[in-house]
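Student: Can you keep this structure in mind? I'll have questions shortly.
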Amino acid sequence: MIIKCNNLNIKQIADSGQTFRWYERKDHYVVVANHRAVSMTQLSDGIELDDENSIWKHYLDIDRDYNAIMTHYKGKDDFLDAAMDYGSGIRILNQDPFETIMTFIISANNNIKRITSSVLALSNNFGTYLKTIDGVDYYDFPTPEQLREVSVESFRNCGVGYRDKYLYGCVQDILNKKIDLEAIKSLSDIELRQALMRLKGIGEKVANCVILFAYARYEGFPVDTWIKKVLSEHYGIEKDHKIFVESYFKPYGGIAQQYLFFYGRR
DNA sequence: TACCAGGCAACTT
DNA sequence: AAGTTGCATGGT
């Protein structure tokens with residue numbers, strides 16, 4: 001399947017820190033999502049996928065006009081202009097809430113390489129086999145049900161460190177309906193964030209990642225160490241980040257944040 | 001060797 | 001309410 005789309009750069013999305021399941025291979029990428037593993041190739045005016053399912057258009061947020069969003073911010077300040085120019089192929093993916101919750105719990109005080117390896121270990125150890133591509137087996141991210149009997153120690157063995165107990169508790173809380181990841185879709189941005197923060201291991205930053213990357217809430221503006229550095233060095237903001245970013249970058253703060261993160265971390 | 005990485009919960013003041 | 005501290009682990 002060929003998807004025509006400007007503002008879609010595979011490498012930029014893979015390196016943007018919103019997903020940890022885009023794998024760079026020789027002349028293409030392998031993307032694991034939507035209970036599938038696909039081969040994705042960059043074209044000059046879009047991408048080619050070896051899969052016909054229309055879910056990928058939603059996953060890649062194809063119907064949203066990112067050019068219009070960038071136009072909205074154009075000229076606001078030099079740093080954001082440069083960031084949008086540098087990362088103009090980034091899109092905000094529509095990812096699975098459970099997978100996003102688990103991977104961003106792992107992300108806390110961690111680095112992208114190790115997050116990626118932990119997510120791979122969780123999938124290979126506990127997820128459903130999907131496909132073999134060029135001799136590599138790909139597994140789906142496990143469901144809560146598949147993780148029901150997984151112990152704190154088994155999580156630890158995936159390299160997640162002290163976050164093991166948070167992952168375990170999160171799975172149990174979902175299975176026990178302390179939180180319903182489908183039902184909370186109807187909540188407001190603020191209520192949704194608060195609902196997620198009831199889970200151990202999810203603070204304000206991780207909750208913002210989840211509402212942005214899994215619930216398409218662009219009010220979510222994750223402030224991590226890189227964004228703090230950007231705000232400090234280029235906007236003169238040392239504290240009260242929240243107050244500044246919520247007014248300055250609205251109404252697509254989360255999208256602007258992705259450009260800033262990607263450019264600031266280069 | 002110390003410091004850092006898409007922070008958080010628990011504790012202290 | 002606001003500030004401080006410990007935390008697994010691999011990379012630099």
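Within each chain, counting starts at residue 1; across the structure tokens, chains are named A, B, ... in the order shown, with ligands numbered 1 upward in that order.
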Residues of chain A within 10 Å of chain B, using only C-alpha atoms (C1' of nucleotides), as a PDB file with N, CA, C and O atoms, in the first residue's frame?
Tutor:
```pdb
ATOM      1  N   SER A  16      11.963  10.295  17.073  1.00  0.00           N
ATOM      2  CA  SER A  16      11.312  11.405  17.768  1.00  0.00           C
ATOM      3  C   SER A  16      10.995  11.113  19.229  1.00  0.00           C
ATOM      4  O   SER A  16      10.533  11.986  19.943  1.00  0.00           O
ATOM      5  N   GLY A  17      11.228   9.870  19.675  1.00  0.00           N
ATOM      6  CA  GLY A  17      11.041   9.559  21.087  1.00  0.00           C
ATOM      7  C   GLY A  17       9.613   9.310  21.507  1.00  0.00           C
ATOM      8  O   GLY A  17       9.338   9.151  22.693  1.00  0.00           O
ATOM      9  N   GLN A  18       8.682   9.261  20.555  1.00  0.00           N
ATOM     10  CA  GLN A  18       7.287   8.981  20.916  1.00  0.00           C
ATOM     11  C   GLN A  18       6.976   7.499  20.827  1.00  0.00           C
ATOM     12  O   GLN A  18       6.000   7.030  21.402  1.00  0.00           O
ATOM     13  N   PHE A 104       6.100   4.369  28.723  1.00  0.00           N
ATOM     14  CA  PHE A 104       6.508   5.644  29.303  1.00  0.00           C
ATOM     15  C   PHE A 104       6.697   5.568  30.810  1.00  0.00           C
ATOM     16  O   PHE A 104       7.387   6.416  31.387  1.00  0.00           O
ATOM     17  N   ILE A 105       6.146   4.538  31.456  1.00  0.00           N
ATOM     18  CA  ILE A 105       6.575   4.265  32.833  1.00  0.00           C
ATOM     19  C   ILE A 105       8.056   3.873  32.814  1.00  0.00           C
ATOM     20  O   ILE A 105       8.850   4.339  33.627  1.00  0.00           O
ATOM     21  N   ILE A 106       8.422   3.052  31.852  1.00  0.00           N
ATOM     22  CA  ILE A 106       9.826   2.633  31.719  1.00  0.00           C
ATOM     23  C   ILE A 106      10.726   3.824  31.395  1.00  0.00           C
ATOM     24  O   ILE A 106      11.893   3.858  31.784  1.00  0.00           O
ATOM     25  N   SER A 107      10.179   4.818  30.713  1.00  0.00           N
ATOM     26  CA  SER A 107      10.998   5.934  30.226  1.00  0.00           C
ATOM     27  C   SER A 107      11.511   6.850  31.331  1.00  0.00           C
ATOM     28  O   SER A 107      12.456   7.616  31.105  1.00  0.00           O
ATOM     29  N   ALA A 108      10.903   6.774  32.513  1.00  0.00           N
ATOM     30  CA  ALA A 108      11.248   7.727  33.572  1.00  0.00           C
ATOM     31  C   ALA A 108      12.711   7.604  33.990  1.00  0.00           C
ATOM     32  O   ALA A 108      13.179   6.510  34.332  1.00  0.00           O
ATOM     33  N   ASN A 109      13.420   8.716  33.967  1.00  0.00           N
ATOM     34  CA  ASN A 109      14.829   8.759  34.369  1.00  0.00           C
ATOM     35  C   ASN A 109      15.643   7.687  33.641  1.00  0.00           C
ATOM     36  O   ASN A 109      16.419   6.961  34.258  1.00  0.00           O
ATOM     37  N   ASN A 110      15.406   7.566  32.340  1.00  0.00           N
ATOM     38  CA  ASN A 110      15.996   6.487  31.545  1.00  0.00           C
ATOM     39  C   ASN A 110      16.431   7.072  30.206  1.00  0.00           C
ATOM     40  O   ASN A 110      16.167   8.239  29.920  1.00  0.00           O
ATOM     41  N   ASN A 111      17.112   6.289  29.409  1.00  0.00           N
ATOM     42  CA  ASN A 111      17.491   6.791  28.086  1.00  0.00           C
ATOM     43  C   ASN A 111      16.851   5.957  26.974  1.00  0.00           C
ATOM     44  O   ASN A 111      16.448   4.823  27.186  1.00  0.00           O
ATOM     45  N   ILE A 112      16.753   6.558  25.786  1.00  0.00           N
ATOM     46  CA  ILE A 112      15.951   5.981  24.714  1.00  0.00           C
ATOM     47  C   ILE A 112      16.464   4.605  24.297  1.00  0.00           C
ATOM     48  O   ILE A 112      15.672   3.691  24.045  1.00  0.00           O
ATOM     49  N   LYS A 113      17.755   4.431  24.267  1.00  0.00           N
ATOM     50  CA  LYS A 113      18.303   3.132  23.860  1.00  0.00           C
ATOM     51  C   LYS A 113      17.863   2.018  24.816  1.00  0.00           C
ATOM     52  O   LYS A 113      17.451   0.940  24.389  1.00  0.00           O
ATOM     53  N   ARG A 114      17.928   2.320  26.109  1.00  0.00           N
ATOM     54  CA  ARG A 114      17.582   1.271  27.062  1.00  0.00           C
ATOM     55  C   ARG A 114      16.064   1.068  27.141  1.00  0.00           C
ATOM     56  O   ARG A 114      15.597  -0.041  27.374  1.00  0.00           O
ATOM     57  N   ILE A 115      15.294   2.129  26.958  1.00  0.00           N
ATOM     58  CA  ILE A 115      13.841   1.983  26.889  1.00  0.00           C
ATOM     59  C   ILE A 115      13.487   1.038  25.746  1.00  0.00           C
ATOM     60  O   ILE A 115      12.687   0.110  25.893  1.00  0.00           O
ATOM     61  N   ARG A 163      11.628   0.256  38.097  1.00  0.00           N
ATOM     62  CA  ARG A 163      10.266   0.495  37.596  1.00  0.00           C
ATOM     63  C   ARG A 163       9.456  -0.792  37.537  1.00  0.00           C
ATOM     64  O   ARG A 163       8.259  -0.773  37.226  1.00  0.00           O
ATOM     65  N   TYR A 166       6.201  -0.791  39.399  1.00  0.00           N
ATOM     66  CA  TYR A 166       5.176   0.066  38.788  1.00  0.00           C
ATOM     67  C   TYR A 166       4.478  -0.666  37.639  1.00  0.00           C
ATOM     68  O   TYR A 166       3.257  -0.571  37.486  1.00  0.00           O
ATOM     69  N   LYS A 200       0.612   4.114  39.964  1.00  0.00           N
ATOM     70  CA  LYS A 200       1.975   4.314  40.459  1.00  0.00           C
ATOM     71  C   LYS A 200       2.960   4.254  39.298  1.00  0.00           C
ATOM     72  O   LYS A 200       2.863   3.361  38.450  1.00  0.00           O
ATOM     73  N   GLY A 201       3.855   5.210  39.260  1.00  0.00           N
ATOM     74  CA  GLY A 201       4.834   5.269  38.185  1.00  0.00           C
ATOM     75  C   GLY A 201       4.466   6.295  37.133  1.00  0.00           C
ATOM     76  O   GLY A 201       5.268   6.607  36.255  1.00  0.00           O
ATOM     77  N   ILE A 202       3.222   6.807  37.199  1.00  0.00           N
ATOM     78  CA  ILE A 202       2.803   7.850  36.271  1.00  0.00           C
ATOM     79  C   ILE A 202       2.664   9.169  37.004  1.00  0.00           C
ATOM     80  O   ILE A 202       1.769   9.339  37.832  1.00  0.00           O
ATOM     81  N   GLY A 203       3.569  10.079  36.725  1.00  0.00           N
ATOM     82  CA  GLY A 203       3.483  11.441  37.243  1.00  0.00           C
ATOM     83  C   GLY A 203       3.011  12.354  36.126  1.00  0.00           C
ATOM     84  O   GLY A 203       2.510  11.894  35.096  1.00  0.00           O
ATOM     85  N   GLU A 204       3.214  13.625  36.296  1.00  0.00           N
ATOM     86  CA  GLU A 204       2.695  14.592  35.339  1.00  0.00           C
ATOM     87  C   GLU A 204       3.328  14.441  33.954  1.00  0.00           C
ATOM     88  O   GLU A 204       2.645  14.510  32.935  1.00  0.00           O
ATOM     89  N   LYS A 205       4.631  14.235  33.897  1.00  0.00           N
ATOM     90  CA  LYS A 205       5.310  14.149  32.608  1.00  0.00           C
ATOM     91  C   LYS A 205       4.865  12.920  31.823  1.00  0.00           C
ATOM     92  O   LYS A 205       4.545  13.007  30.632  1.00  0.00           O
ATOM     93  N   VAL A 206       4.872  11.759  32.475  1.00  0.00           N
ATOM     94  CA  VAL A 206       4.462  10.534  31.785  1.00  0.00           C
ATOM     95  C   VAL A 206       2.994  10.621  31.379  1.00  0.00           C
ATOM     96  O   VAL A 206       2.613  10.216  30.276  1.00  0.00           O
ATOM     97  N   CYS A 209       2.711  12.467  28.226  1.00  0.00           N
ATOM     98  CA  CYS A 209       3.098  11.631  27.080  1.00  0.00           C
ATOM     99  C   CYS A 209       1.947  10.730  26.666  1.00  0.00           C
ATOM    100  O   CYS A 209       1.664  10.566  25.477  1.00  0.00           O
ATOM    101  N   PRO A 222       4.660  17.330  27.414  1.00  0.00           N
ATOM    102  CA  PRO A 222       5.620  16.686  28.327  1.00  0.00           C
ATOM    103  C   PRO A 222       6.868  17.545  28.518  1.00  0.00           C
ATOM    104  O   PRO A 222       7.491  17.957  27.534  1.00  0.00           O
ATOM    105  N   VAL A 223       7.217  17.820  29.760  1.00  0.00           N
ATOM    106  CA  VAL A 223       8.435  18.578  30.065  1.00  0.00           C
ATOM    107  C   VAL A 223       9.450  17.630  30.691  1.00  0.00           C
ATOM    108  O   VAL A 223       9.316  17.240  31.838  1.00  0.00           O
ATOM    109  N   ASP A 224      10.433  17.241  29.901  1.00  0.00           N
ATOM    110  CA  ASP A 224      11.492  16.353  30.377  1.00  0.00           C
ATOM    111  C   ASP A 224      12.795  17.145  30.460  1.00  0.00           C
ATOM    112  O   ASP A 224      12.792  18.368  30.335  1.00  0.00           O
ATOM    113  N   THR A 225      13.900  16.447  30.667  1.00  0.00           N
ATOM    114  CA  THR A 225      15.175  17.149  30.833  1.00  0.00           C
ATOM    115  C   THR A 225      15.576  17.922  29.579  1.00  0.00           C
ATOM    116  O   THR A 225      16.146  19.011  29.681  1.00  0.00           O
ATOM    117  N   TRP A 226      15.264  17.363  28.397  1.00  0.00           N
ATOM    118  CA  TRP A 226      15.627  18.046  27.153  1.00  0.00           C
ATOM    119  C   TRP A 226      14.792  19.298  26.946  1.00  0.00           C
ATOM    120  O   TRP A 226      15.317  20.347  26.552  1.00  0.00           O
ATOM    121  N   ILE A 227      13.499  19.185  27.197  1.00  0.00           N
ATOM    122  CA  ILE A 227      12.621  20.346  27.036  1.00  0.00           C
ATOM    123  C   ILE A 227      12.966  21.422  28.064  1.00  0.00           C
ATOM    124  O   ILE A 227      12.945  22.621  27.754  1.00  0.00           O
ATOM    125  N   PHE A 261      11.481  19.057  21.023  1.00  0.00           N
ATOM    126  CA  PHE A 261      12.225  17.921  21.582  1.00  0.00           C
ATOM    127  C   PHE A 261      13.194  17.362  20.545  1.00  0.00           C
ATOM    128  O   PHE A 261      14.386  17.151  20.815  1.00  0.00           O
TER     129      PHE A 261
END
```
Student: Starting from chain C, keep only residues with some atom at most 7 Å from an atom of chain A, counting only C-alpha atoms (C1' of nucleotides), and report them as a short mmCIF file (atom, residue, chain, number, x, y, z; two decimals) with N, CA and C atoms (P, O5', C5', C4', C3', O3' and C1' of nucleotides), in the first residue's frame.
Tutor:
```cif
data_model
loop_
_atom_site.label_atom_id
_atom_site.label_comp_id
_atom_site.auth_asym_id
_atom_site.auth_seq_id
_atom_site.Cartn_x
_atom_site.Cartn_y
_atom_site.Cartn_z
P DC C 7 18.78 3.72 47.42
"O5'" DC C 7 18.03 3.49 46.03
"C5'" DC C 7 16.62 3.29 46.00
"C4'" DC C 7 16.14 3.38 44.58
"C3'" DC C 7 17.02 2.62 43.57
"O3'" DC C 7 16.21 1.72 42.85
"C1'" DC C 7 16.47 4.77 42.77
P DA C 8 16.07 0.27 43.30
"O5'" DA C 8 16.32 -0.52 41.98
"C5'" DA C 8 17.61 -0.80 41.50
"C4'" DA C 8 17.48 -1.27 40.09
"C3'" DA C 8 18.74 -1.89 39.52
"O3'" DA C 8 18.33 -2.79 38.50
"C1'" DA C 8 18.36 0.20 38.49
P DT C 9 19.38 -3.80 37.87
"O5'" DT C 9 20.00 -2.98 36.67
"C5'" DT C 9 19.17 -2.66 35.56
"C4'" DT C 9 19.91 -1.72 34.65
"C3'" DT C 9 21.39 -2.07 34.42
"O3'" DT C 9 21.56 -2.34 33.04
"C1'" DT C 9 21.05 0.25 34.70
#
```
Student: Leaving out Tyr73 of chain A and any residue of its chain fewer than 5 positions from it, which residues lie within 12 Å of it when counting only C-alpha atoms (C1' of nucleotides), given as number ranges by chain?
Tutor: A: 66-68, 78-85, 248-253, 255-257, 259
Student: Just want the 7 Å neighbourhood of Pro142 of chain A, counted on only C-alpha atoms (C1' of nucleotides), with same-chain residues fewer than 4 positions away dropped. Output as a short mmCIF file (atom, residue, chain, number, x, y, z; two decimals) with all heavy atoms, in the first residue's frame.
Tutor:
```cif
data_model
loop_
_atom_site.label_atom_id
_atom_site.label_comp_id
_atom_site.auth_asym_id
_atom_site.auth_seq_id
_atom_site.Cartn_x
_atom_site.Cartn_y
_atom_site.Cartn_z
N SER A 123 8.14 -7.54 24.82
CA SER A 123 7.39 -8.08 23.68
C SER A 123 7.84 -9.50 23.34
O SER A 123 7.02 -10.40 23.16
CB SER A 123 7.57 -7.17 22.46
OG SER A 123 7.14 -5.85 22.76
N PHE A 126 6.76 -11.97 26.30
CA PHE A 126 5.37 -12.17 26.71
C PHE A 126 4.33 -11.90 25.62
O PHE A 126 3.16 -12.19 25.81
CB PHE A 126 5.06 -11.28 27.93
CG PHE A 126 6.05 -11.43 29.04
CD1 PHE A 126 6.84 -10.36 29.45
CD2 PHE A 126 6.21 -12.66 29.69
CE1 PHE A 126 7.77 -10.51 30.49
CE2 PHE A 126 7.13 -12.82 30.72
CZ PHE A 126 7.91 -11.74 31.12
N GLY A 127 4.73 -11.33 24.49
CA GLY A 127 3.77 -10.95 23.46
C GLY A 127 3.52 -12.05 22.45
O GLY A 127 4.23 -13.05 22.38
N THR A 128 2.51 -11.82 21.61
CA THR A 128 2.13 -12.77 20.57
C THR A 128 3.05 -12.67 19.36
O THR A 128 3.36 -11.56 18.91
CB THR A 128 0.68 -12.46 20.12
OG1 THR A 128 -0.19 -12.56 21.25
CG2 THR A 128 0.22 -13.43 19.03
N GLN A 146 -1.95 -11.07 29.06
CA GLN A 146 -0.72 -11.85 28.89
C GLN A 146 0.30 -11.56 29.99
O GLN A 146 1.21 -12.33 30.21
CB GLN A 146 -0.09 -11.55 27.51
CG GLN A 146 -0.86 -12.19 26.36
CD GLN A 146 -0.33 -11.77 25.00
OE1 GLN A 146 -0.04 -10.59 24.77
NE2 GLN A 146 -0.22 -12.71 24.09
N LEU A 147 0.13 -10.43 30.67
CA LEU A 147 1.07 -10.05 31.73
C LEU A 147 0.51 -10.35 33.12
O LEU A 147 1.16 -10.04 34.12
CB LEU A 147 1.41 -8.56 31.61
CG LEU A 147 2.15 -8.16 30.32
CD1 LEU A 147 2.27 -6.64 30.23
CD2 LEU A 147 3.53 -8.80 30.27
#
```
Student: Quick one: pick out all strand (DSSP E or B) residues within segment 59-139 of chain A from a backbone DSSP run and write them as a ChimeraX atom specification.
Tutor: /A:129-133,136-139
Student: Atoms to include: N, CA, C and O atoms. Write the selected residues as a PDB file, in the first residue's frame.
Tutor:
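Contents of part.pdb, freshly written:
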```pdb
ATOM      1  N   TYR A 129       3.487 -13.830  18.851  1.00  0.00           N
ATOM      2  CA  TYR A 129       4.327 -13.827  17.645  1.00  0.00           C
ATOM      3  C   TYR A 129       3.546 -13.258  16.468  1.00  0.00           C
ATOM      4  O   TYR A 129       2.391 -13.610  16.243  1.00  0.00           O
ATOM      5  N   LEU A 130       4.178 -12.377  15.703  1.00  0.00           N
ATOM      6  CA  LEU A 130       3.511 -11.750  14.568  1.00  0.00           C
ATOM      7  C   LEU A 130       4.074 -12.218  13.231  1.00  0.00           C
ATOM      8  O   LEU A 130       3.339 -12.674  12.364  1.00  0.00           O
ATOM      9  N   LYS A 131       5.385 -12.116  13.054  1.00  0.00           N
ATOM     10  CA  LYS A 131       5.947 -12.271  11.724  1.00  0.00           C
ATOM     11  C   LYS A 131       7.469 -12.342  11.803  1.00  0.00           C
ATOM     12  O   LYS A 131       8.064 -11.797  12.735  1.00  0.00           O
ATOM     13  N   THR A 132       8.051 -12.998  10.800  1.00  0.00           N
ATOM     14  CA  THR A 132       9.508 -12.992  10.674  1.00  0.00           C
ATOM     15  C   THR A 132       9.894 -12.204   9.423  1.00  0.00           C
ATOM     16  O   THR A 132       9.372 -12.472   8.344  1.00  0.00           O
ATOM     17  N   ILE A 133      10.747 -11.214   9.591  1.00  0.00           N
ATOM     18  CA  ILE A 133      11.191 -10.394   8.467  1.00  0.00           C
ATOM     19  C   ILE A 133      12.714 -10.420   8.423  1.00  0.00           C
ATOM     20  O   ILE A 133      13.368 -10.051   9.409  1.00  0.00           O
ATOM     21  N   VAL A 136      14.373 -12.081  11.350  1.00  0.00           N
ATOM     22  CA  VAL A 136      14.131 -11.574  12.698  1.00  0.00           C
ATOM     23  C   VAL A 136      12.657 -11.785  13.062  1.00  0.00           C
ATOM     24  O   VAL A 136      11.766 -11.403  12.289  1.00  0.00           O
ATOM     25  N   ASP A 137      12.413 -12.391  14.221  1.00  0.00           N
ATOM     26  CA  ASP A 137      11.037 -12.604  14.680  1.00  0.00           C
ATOM     27  C   ASP A 137      10.527 -11.353  15.392  1.00  0.00           C
ATOM     28  O   ASP A 137      11.224 -10.798  16.244  1.00  0.00           O
ATOM     29  N   TYR A 138       9.317 -10.942  15.051  1.00  0.00           N
ATOM     30  CA  TYR A 138       8.705  -9.783  15.694  1.00  0.00           C
ATOM     31  C   TYR A 138       7.481 -10.210  16.487  1.00  0.00           C
ATOM     32  O   TYR A 138       6.666 -11.004  16.016  1.00  0.00           O
ATOM     33  N   TYR A 139       7.364  -9.680  17.700  1.00  0.00           N
ATOM     34  CA  TYR A 139       6.278 -10.011  18.615  1.00  0.00           C
ATOM     35  C   TYR A 139       5.500  -8.755  18.973  1.00  0.00           C
ATOM     36  O   TYR A 139       6.081  -7.673  19.158  1.00  0.00           O
TER      37      TYR A 139
END
```
Student: Can you tell me, as a VMD selection string, which residues in segment 43-168 of chain A count as alpha helix (DSSP H) by DSSP?
Tutor: chain A and resid 55 to 59 66 to 73 78 to 86 97 to 106 112 to 126 152 to 155 164 to 168
Student: What's the separation between atom C1' of DG6 of chain C and atom CA of Cys158 of chain A, in Å to one decimal place?
Tutor: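 Separating atom C1' of DG6 of chain C from atom CA of Cys158 of chain A is a distance of 21.6 Å.
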